[in-house]
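Note: the block below is run21.cif and it holds mmCIF, C-alpha atoms.
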```cif
data_my_file
loop_
_atom_site.label_atom_id
_atom_site.label_comp_id
_atom_site.auth_asym_id
_atom_site.auth_seq_id
_atom_site.Cartn_x
_atom_site.Cartn_y
_atom_site.Cartn_z
CA MET S 1 86.85 126.56 25.85
CA GLU S 2 84.55 124.85 28.32
CA GLN S 3 85.05 125.97 31.91
CA SER S 4 85.72 122.37 32.97
CA ALA S 5 88.48 122.04 30.35
CA ALA S 6 90.13 125.27 31.50
CA ALA S 7 89.99 124.05 35.10
CA GLU S 8 91.54 120.71 34.11
CA ALA S 9 94.36 122.43 32.22
CA ALA S 10 95.00 124.74 35.18
CA GLU S 11 95.18 121.78 37.57
CA ILE S 12 97.82 120.11 35.37
CA LEU S 13 99.94 123.27 35.48
CA ALA S 14 99.43 123.61 39.22
CA GLN S 15 100.40 119.98 39.77
CA ALA S 16 103.66 120.59 37.90
CA ARG S 17 104.37 123.46 40.29
CA ARG S 18 103.58 121.30 43.33
CA GLY S 19 105.95 118.59 42.18
CA GLY S 20 108.68 120.91 40.93
CA GLN S 21 108.39 119.24 37.55
CA THR S 22 108.05 120.22 33.92
CA ILE S 23 105.69 118.81 31.30
CA ASP S 24 106.05 118.53 27.54
CA GLY S 25 102.84 120.52 27.13
CA LEU S 26 99.17 120.46 27.94
CA PRO S 27 97.23 117.54 26.45
CA GLU S 28 96.12 118.32 22.92
CA ASN S 29 92.45 118.51 23.89
CA LEU S 30 93.26 121.04 26.64
CA GLN S 31 95.64 123.31 24.73
CA PRO S 32 94.44 126.90 24.24
CA GLN S 33 93.45 127.67 20.68
CA ASN S 34 93.28 131.44 21.04
CA LEU S 35 93.96 134.26 23.50
CA GLU S 36 90.57 133.84 25.14
CA ASP S 37 91.32 130.19 25.92
CA ALA S 38 94.80 131.03 27.19
CA TYR S 39 93.56 133.68 29.63
CA GLN S 40 90.69 131.46 30.70
CA ILE S 41 93.20 128.81 31.79
CA GLN S 42 95.37 131.47 33.45
CA ASP S 43 92.36 132.81 35.37
CA ALA S 44 91.63 129.30 36.64
CA LEU S 45 95.30 128.78 37.57
CA ILE S 46 95.78 131.92 39.70
CA PRO S 47 93.68 130.75 42.71
CA LEU S 48 95.56 127.44 42.64
CA ILE S 49 98.92 129.24 42.74
CA GLU S 50 97.67 131.44 45.58
CA ARG S 51 96.69 128.40 47.65
CA LEU S 52 99.83 126.49 46.74
CA SER S 53 102.16 129.32 47.72
CA ASN S 54 100.08 130.88 50.50
CA GLY S 55 100.14 134.14 48.57
CA SER S 56 97.74 136.60 47.01
CA ARG S 57 97.40 138.68 43.85
CA ALA S 58 99.64 141.74 44.17
CA GLY S 59 99.93 143.08 40.63
CA TYR S 60 100.66 142.17 37.02
CA LYS S 61 103.42 141.61 34.51
CA SER S 62 103.72 142.41 30.83
CA GLY S 63 105.58 140.06 28.51
CA ALA S 64 106.60 139.93 24.85
CA THR S 65 107.04 143.70 24.85
CA ASN S 66 109.22 143.93 21.75
CA GLU S 67 108.79 142.92 18.14
CA ALA S 68 111.25 140.01 18.26
CA ALA S 69 109.44 138.41 21.21
CA LEU S 70 106.04 138.87 19.56
CA GLN S 71 107.26 137.15 16.40
CA ASN S 72 108.85 134.36 18.43
CA PHE S 73 105.57 133.69 20.24
CA GLY S 74 103.39 134.17 17.17
CA LEU S 75 101.40 136.93 18.88
CA ASP S 76 100.09 140.30 17.75
CA GLU S 77 100.21 141.97 21.16
CA PRO S 78 102.05 141.68 24.49
CA PHE S 79 100.68 139.32 27.09
CA VAL S 80 99.69 139.79 30.72
CA GLY S 81 100.36 137.70 33.80
CA VAL S 82 99.65 138.02 37.53
CA LEU S 83 102.20 138.75 40.26
CA ILE S 84 101.66 136.67 43.41
CA SER S 85 102.90 138.11 46.72
CA SER S 86 104.71 134.94 47.77
CA TYR S 87 106.98 135.20 44.71
CA MET S 88 107.82 138.88 45.25
CA LEU S 89 111.18 139.46 46.90
CA LYS S 90 113.66 142.27 47.57
CA SER S 91 117.01 143.05 46.02
CA GLY S 92 119.72 140.87 47.55
CA ASP S 93 117.46 137.92 48.31
CA ILE S 94 118.40 134.33 47.50
CA ILE S 95 116.27 132.02 45.37
CA LEU S 96 116.82 128.31 45.92
CA ASP S 97 117.73 126.41 42.79
CA SER S 98 114.96 123.90 43.48
CA ASP S 99 112.38 126.69 43.52
CA CYS S 100 113.04 127.86 39.97
CA LYS S 101 113.38 125.51 36.98
CA PHE S 102 114.02 128.06 34.24
CA LYS S 103 116.18 130.97 35.34
CA LEU S 104 115.75 133.70 32.75
CA LEU S 105 116.54 137.16 34.08
CA GLU S 106 114.86 140.33 32.84
CA PRO S 107 115.76 143.79 34.22
CA GLU S 108 112.53 145.81 34.24
CA PHE S 109 110.95 149.05 35.32
CA ALA S 110 107.89 148.49 37.49
CA PHE S 111 105.13 150.87 38.54
CA ARG S 112 103.11 151.09 41.74
CA MET S 113 99.58 152.33 41.17
CA GLY S 114 98.24 155.12 43.35
CA GLU S 115 94.67 155.10 42.04
CA ASP S 116 92.20 152.58 40.64
CA LEU S 117 91.66 152.32 36.88
CA PRO S 118 88.24 150.61 36.74
CA PRO S 119 86.80 149.17 33.51
CA ALA S 120 83.85 151.55 33.59
CA ALA S 121 86.14 154.44 32.63
CA ALA S 122 88.11 152.55 29.94
CA PRO S 123 89.73 152.93 27.51
CA TYR S 124 92.36 155.04 29.22
CA ASP S 125 94.62 157.48 27.41
CA PRO S 126 98.30 157.90 28.37
CA GLY S 127 97.58 160.91 30.55
CA GLY S 128 94.92 159.08 32.54
CA VAL S 129 97.14 156.07 33.19
CA CYS S 130 100.25 158.08 34.10
CA ALA S 131 98.27 160.27 36.48
CA ALA S 132 97.25 157.14 38.40
CA VAL S 133 100.87 156.01 38.99
CA ALA S 134 102.29 156.60 42.47
CA SER S 135 105.90 155.53 41.89
CA VAL S 136 108.36 153.63 39.73
CA MET S 137 110.95 151.11 40.83
CA THR S 138 113.85 149.17 39.41
CA SER S 139 113.42 145.41 39.43
CA ILE S 140 114.38 141.99 38.11
CA GLU S 141 111.86 139.46 36.89
CA VAL S 142 112.95 135.82 36.98
CA VAL S 143 111.01 134.09 34.23
CA ASP S 144 109.98 130.51 34.99
CA LEU S 145 107.86 127.93 33.18
CA ARG S 146 106.29 124.52 33.62
CA PHE S 147 107.14 123.35 30.07
CA THR S 148 110.17 121.20 29.36
CA GLY S 149 110.87 123.10 26.14
CA GLY S 150 110.54 126.48 27.84
CA MET S 151 109.35 129.26 25.58
CA ALA S 152 109.13 126.81 22.68
CA ALA S 153 105.76 125.76 24.13
CA GLY S 154 104.35 128.74 22.24
CA GLY S 155 102.70 131.98 23.21
CA LEU S 156 99.28 130.59 24.10
CA GLN S 157 100.58 127.90 26.44
CA VAL S 158 102.99 130.41 28.02
CA ILE S 159 100.06 132.75 28.71
CA ALA S 160 98.08 129.85 30.19
CA ASP S 161 101.02 129.19 32.56
CA ASN S 162 100.57 132.68 34.04
CA SER S 163 102.67 134.20 31.28
CA ALA S 164 105.86 132.62 32.64
CA ALA S 165 105.72 134.68 35.84
CA GLY S 166 108.33 133.40 38.26
CA TYR S 167 109.98 135.47 40.97
CA TRP S 168 110.17 139.26 41.03
CA LEU S 169 112.72 141.30 42.97
CA ALA S 170 112.14 144.95 43.87
CA GLY S 171 114.93 147.49 43.78
CA THR S 172 114.75 151.17 44.70
CA GLU S 173 111.44 153.04 44.48
CA TYR S 174 111.11 156.60 43.18
CA ASN S 175 108.16 158.97 43.34
CA ASP S 176 109.35 161.43 40.66
CA LEU S 177 108.60 159.80 37.31
CA ASP S 178 109.59 162.98 35.45
CA ALA S 179 113.20 162.52 36.58
CA ILE S 180 113.52 159.35 34.46
CA ASP S 181 113.84 159.38 30.67
CA PHE S 182 111.83 156.23 29.98
CA GLU S 183 112.44 156.57 26.24
CA ASP S 184 116.21 156.23 26.65
CA TRP S 185 117.47 154.70 29.90
CA PRO S 186 120.39 152.25 29.57
CA VAL S 187 120.36 149.09 31.68
CA SER S 188 122.93 146.32 31.94
CA LEU S 189 123.00 142.85 33.50
CA HIS S 190 126.02 141.37 35.24
CA VAL S 191 126.47 137.71 36.22
CA ASN S 192 129.29 136.82 38.62
CA SER S 193 130.71 140.34 38.11
CA ALA S 194 130.87 140.00 34.31
CA ARG S 195 128.65 142.17 32.12
CA VAL S 196 126.65 139.73 30.02
CA THR S 197 124.12 141.94 28.25
CA GLU S 198 123.03 145.54 27.78
CA GLY S 199 119.68 147.05 26.93
CA ASN S 200 117.52 150.12 27.13
CA SER S 201 114.09 151.12 28.35
CA ALA S 202 113.21 151.89 24.72
CA ASN S 203 113.14 148.13 24.10
CA VAL S 204 109.85 148.00 26.03
CA ILE S 205 107.41 149.12 23.32
CA GLY S 206 109.47 152.30 22.99
CA ASN S 207 108.79 153.26 26.61
CA PRO S 208 107.79 151.18 29.67
CA LEU S 209 104.85 153.54 30.23
CA ASN S 210 103.44 152.33 26.89
CA SER S 211 103.46 148.82 28.31
CA LEU S 212 101.61 149.99 31.42
CA ILE S 213 98.97 151.73 29.28
CA PHE S 214 98.47 148.59 27.20
CA LEU S 215 98.14 146.42 30.29
CA ALA S 216 95.67 148.76 31.99
CA ASN S 217 93.35 148.70 28.97
CA ASN S 218 93.85 144.98 28.35
CA LEU S 219 92.69 144.18 31.88
CA CYS S 220 89.65 146.39 31.44
CA MET S 221 88.71 144.66 28.19
CA ARG S 222 88.76 141.36 30.07
CA GLY S 223 86.57 142.69 32.85
CA GLY S 224 89.27 143.57 35.38
CA GLY S 225 91.28 146.67 36.08
CA LEU S 226 94.25 148.02 37.98
CA LYS S 227 93.78 149.00 41.62
CA ALA S 228 95.66 151.32 43.93
CA GLY S 229 98.64 149.46 45.35
CA ASP S 230 99.03 147.10 42.40
CA ILE S 231 102.56 146.67 41.07
CA VAL S 232 103.00 146.36 37.32
CA THR S 233 106.31 145.20 35.90
CA ALA S 234 106.50 146.51 32.37
CA GLY S 235 108.76 144.17 30.39
CA SER S 236 112.45 143.51 29.93
CA CYS S 237 114.92 146.22 28.96
CA THR S 238 117.38 143.53 27.82
CA ALA S 239 117.14 140.18 26.12
CA PRO S 240 116.08 137.43 28.59
CA THR S 241 119.31 136.04 30.00
CA PRO S 242 119.69 132.45 31.28
CA VAL S 243 121.63 131.92 34.51
CA GLN S 244 122.51 128.91 36.64
CA ALA S 245 122.49 127.74 40.24
CA GLY S 246 125.10 129.57 42.27
CA ASP S 247 125.16 132.65 40.04
CA GLU S 248 125.16 136.12 41.55
CA CYS S 249 123.30 138.53 39.29
CA VAL S 250 123.06 142.31 39.27
CA ALA S 251 120.88 144.56 37.10
CA ASP S 252 122.50 148.00 36.85
CA PHE S 253 120.12 150.91 36.24
CA GLY S 254 122.85 153.56 36.39
CA SER S 255 122.03 156.47 38.69
CA LEU S 256 118.83 154.66 39.77
CA GLY S 257 120.90 151.97 41.45
CA LYS S 258 121.29 148.21 41.23
CA VAL S 259 119.07 145.19 41.84
CA SER S 260 120.65 141.87 42.78
CA VAL S 261 119.69 138.24 43.25
CA ARG S 262 121.62 135.08 44.00
CA PHE S 263 120.60 131.54 43.18
CA GLY S 264 121.39 129.07 45.93
CA GLY S 265 122.03 125.35 45.67
#
```

As structure tokens, how would this structure be written, given the file I've shared?
Amino acid sequence: MEQSAAAEAAEILAQARRGGQTIDGLPENLQPQNLEDAYQIQDALIPLIERLSNGSRAGYKSGATNEAALQNFGLDEPFVGVLISSYMLKSGDIILDSDCKFKLLEPEFAFRMGEDLPPAAAPYDPGGVCAAVASVMTSIEVVDLRFTGGMAAGGLQVIADNSAAGYWLAGTEYNDLDAIDFEDWPVSLHVNSARVTEGNSANVIGNPLNSLIFLANNLCMRGGGLKAGDIVTAGSCTAPTPVQAGDECVADFGSLGKVSVRFGG
């Protein structure tokens, strides 16, 4: 894709954010035809989001981290998006209804990096990636999109729109990764005090650390790399769950605690 076309597509997506609107899709001549196109548009979009929200790049997200999601998007591998500081909140915060068109909740484990993983040393094996992690935290990702049909826009357009990254809410942070069985950790989601769905950390490519390893190497292949301080949210332990304005939502990670968010009017 020509750089000018990627920039034009990114501006359309940014304009939808500015106006709080959705679009049917990118114009046919600006739609990504492959992963390279999709990430090229995303790369052009990130600086626009930073300026629009007065935020900065603070980490990354993984998406489509289970077989059903991959098939739904028509992809062969998970996708990567960028976390922007102005959309990163804390458990208990309120998100205004007008600030979030699509409210799809995903309880996720997230990792804070303690060391850089530069592309020069890639590819990284599991031991190398895990040794660079400083801590793990419970969290909720609120998926949001600029497309009227939501996820039906298809995997490539979703990636172009920063991989549907909306808000992210941090729960409790833990330094001892060995105390958590990432291959079998039950998680549930409650909306207005009613349990609406259950899941497990194993739904994230068998283990959220596998998602982190994929993301670290994916960034390196595209010329980037994780840095100390980056936060990486690994993918949903449950099926994405739609909620509405006024809902009070709680992700329950058992002995690791709860993460909550409320959507205001």

So for region 61-76 of chain S, what box centre and size do we get, axis-aligned, 6 Å extra on each of the six sides, every listed atom, Å to one decimal, as AutoDock Vina command-line options?
```
--center_x 105.7 --center_y 138.8 --center_z 25.5 --size_x 23.2 --size_y 22.2 --size_z 30.1
```

Minimum-distance residue to Ala228 (chain S), chosen among S:Ser135, S:Gln157, S:Ser188, S:Ser260 (using all atoms listed in the file):
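Of all the options, S:Ser135 lies closest to Ala228 (chain S).
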
Taking the file above as input, evaluate the PyMOL selection byres ((chain S and resi 166-171) around 8) and report the hits as a JSON list (two decimals) with C-alpha atoms, keeping the file's coordinate frame.
```
[["chain", "number", "residue", "atom", "x", "y", "z"],
["S", 87, "TYR", "CA", 106.98, 135.20, 44.71],
["S", 88, "MET", "CA", 107.82, 138.88, 45.25],
["S", 89, "LEU", "CA", 111.18, 139.46, 46.90],
["S", 90, "LYS", "CA", 113.66, 142.27, 47.57],
["S", 91, "SER", "CA", 117.01, 143.05, 46.02],
["S", 93, "ASP", "CA", 117.46, 137.92, 48.31],
["S", 100, "CYS", "CA", 113.04, 127.86, 39.97],
["S", 137, "MET", "CA", 110.95, 151.11, 40.83],
["S", 138, "THR", "CA", 113.85, 149.17, 39.41],
["S", 139, "SER", "CA", 113.42, 145.41, 39.43],
["S", 140, "ILE", "CA", 114.38, 141.99, 38.11],
["S", 141, "GLU", "CA", 111.86, 139.46, 36.89],
["S", 142, "VAL", "CA", 112.95, 135.82, 36.98],
["S", 143, "VAL", "CA", 111.01, 134.09, 34.23],
["S", 144, "ASP", "CA", 109.98, 130.51, 34.99],
["S", 145, "LEU", "CA", 107.86, 127.93, 33.18],
["S", 164, "ALA", "CA", 105.86, 132.62, 32.64],
["S", 165, "ALA", "CA", 105.72, 134.68, 35.84],
["S", 172, "THR", "CA", 114.75, 151.17, 44.70],
["S", 173, "GLU", "CA", 111.44, 153.04, 44.48],
["S", 257, "GLY", "CA", 120.90, 151.97, 41.45],
["S", 258, "LYS", "CA", 121.29, 148.21, 41.23],
["S", 259, "VAL", "CA", 119.07, 145.19, 41.84],
["S", 260, "SER", "CA", 120.65, 141.87, 42.78],
["S", 261, "VAL", "CA", 119.69, 138.24, 43.25]]
```

Neighbour list for Ala153 (chain S) as a PDB file with C-alpha atoms, in the coordinates of the input, cut-off 9 Å, only C-alpha atoms, skip fewer than 5 positions in-chain:
```pdb
ATOM      1  CA  ASP S  24     106.050 118.530  27.540  1.00  0.00           C
ATOM      2  CA  GLY S  25     102.840 120.520  27.130  1.00  0.00           C
ATOM      3  CA  PHE S  73     105.570 133.690  20.240  1.00  0.00           C
ATOM      4  CA  PHE S 147     107.140 123.350  30.070  1.00  0.00           C
ATOM      5  CA  THR S 148     110.170 121.200  29.360  1.00  0.00           C
ATOM      6  CA  VAL S 158     102.990 130.410  28.020  1.00  0.00           C
TER       7      VAL S 158
END
```

Find the residues near Leu35 (chain S): any atom within 12 Å, counting all atoms listed in the file, skip ones fewer than 5 places away on the same chain, and give them as a PyMOL selection string.
chain S and resi 1+40-42+74-80+154-160+163+218+222

Suppose you want the space between CA of Val196 (chain S) and CA of Cys249 (chain S); what is it in Å?
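Computed distance, CA of Val196 (chain S) to CA of Cys249 (chain S), equals 9.9 Å.
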
Point out the residue among S:Met151, S:Gly264, S:Glu8, S:Arg51 with the least atom-to-atom distance to Leu30 (chain S), counting all atoms listed in the file.
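Smallest distance to Leu30 (chain S) is found for S:Glu8.
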
Quick one: of S:Leu48, S:Ala251, S:Ala110, S:Ile180, who's nearest to Gly235 (chain S), counting all atoms listed in the file?
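Distance minimum relative to Gly235 (chain S) lands on S:Ala110.
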
Evaluate the PyMOL selection byres ((chain S and resi 111-128) around 12) and report residues as a PyMOL selection string
chain S and resi 58-62+108-110+129-139+170-177+207-235

As an exercise, work out the distance from CA of Arg57 (chain S) to CA of Ile205 (chain S) in Å and give it to one decimal place.
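Straight-line distance from CA of Arg57 (chain S) to CA of Ile205 (chain S) works out to 25.1 Å.
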
As a check of understanding: the span from CA of Ser193 (chain S) to CA of Gly149 (chain S) is 28.9 Å

Output the residue selection produced by the PyMOL selection byres ((chain S and resi 27) around 12) on the file above, formatted as a list in words.
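Expected selection for the PyMOL selection byres ((chain S and resi 27) around 12) here is Ala5, Ala6, Glu8, Ala9, Ala10, Ile12, Leu13, Ile23, Asp24, Gly25, Leu26, Glu28, Asn29, Leu30, Gln31, Pro32 and Gln157 of chain S.
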
How would the residues just chosen look if you wrote them out with C-alpha atoms as a CSV table (one decimal), in the coordinates of the input?
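Writing the result to part_4.csv gives the following:
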```csv
chain,number,residue,atom,x,y,z
S,5,ALA,CA,88.5,122.0,30.4
S,6,ALA,CA,90.1,125.3,31.5
S,8,GLU,CA,91.5,120.7,34.1
S,9,ALA,CA,94.4,122.4,32.2
S,10,ALA,CA,95.0,124.7,35.2
S,12,ILE,CA,97.8,120.1,35.4
S,13,LEU,CA,99.9,123.3,35.5
S,23,ILE,CA,105.7,118.8,31.3
S,24,ASP,CA,106.0,118.5,27.5
S,25,GLY,CA,102.8,120.5,27.1
S,26,LEU,CA,99.2,120.5,27.9
S,28,GLU,CA,96.1,118.3,22.9
S,29,ASN,CA,92.4,118.5,23.9
S,30,LEU,CA,93.3,121.0,26.6
S,31,GLN,CA,95.6,123.3,24.7
S,32,PRO,CA,94.4,126.9,24.2
S,157,GLN,CA,100.6,127.9,26.4
```

Using only C-alpha atoms, can you tell me which of S:Phe102, S:Tyr39, S:Phe253, S:Phe263 comes closest to Cys237 (chain S)?
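The shortest atom-to-atom distance to Cys237 (chain S) comes from S:Phe253.
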
Which is closer to Val243 (chain S) than all the others in S:Asn162, S:Glu183, S:Leu105, S:Ala202, using only C-alpha atoms?
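Looking at the shortest contact to Val243 (chain S), the residue is S:Leu105.
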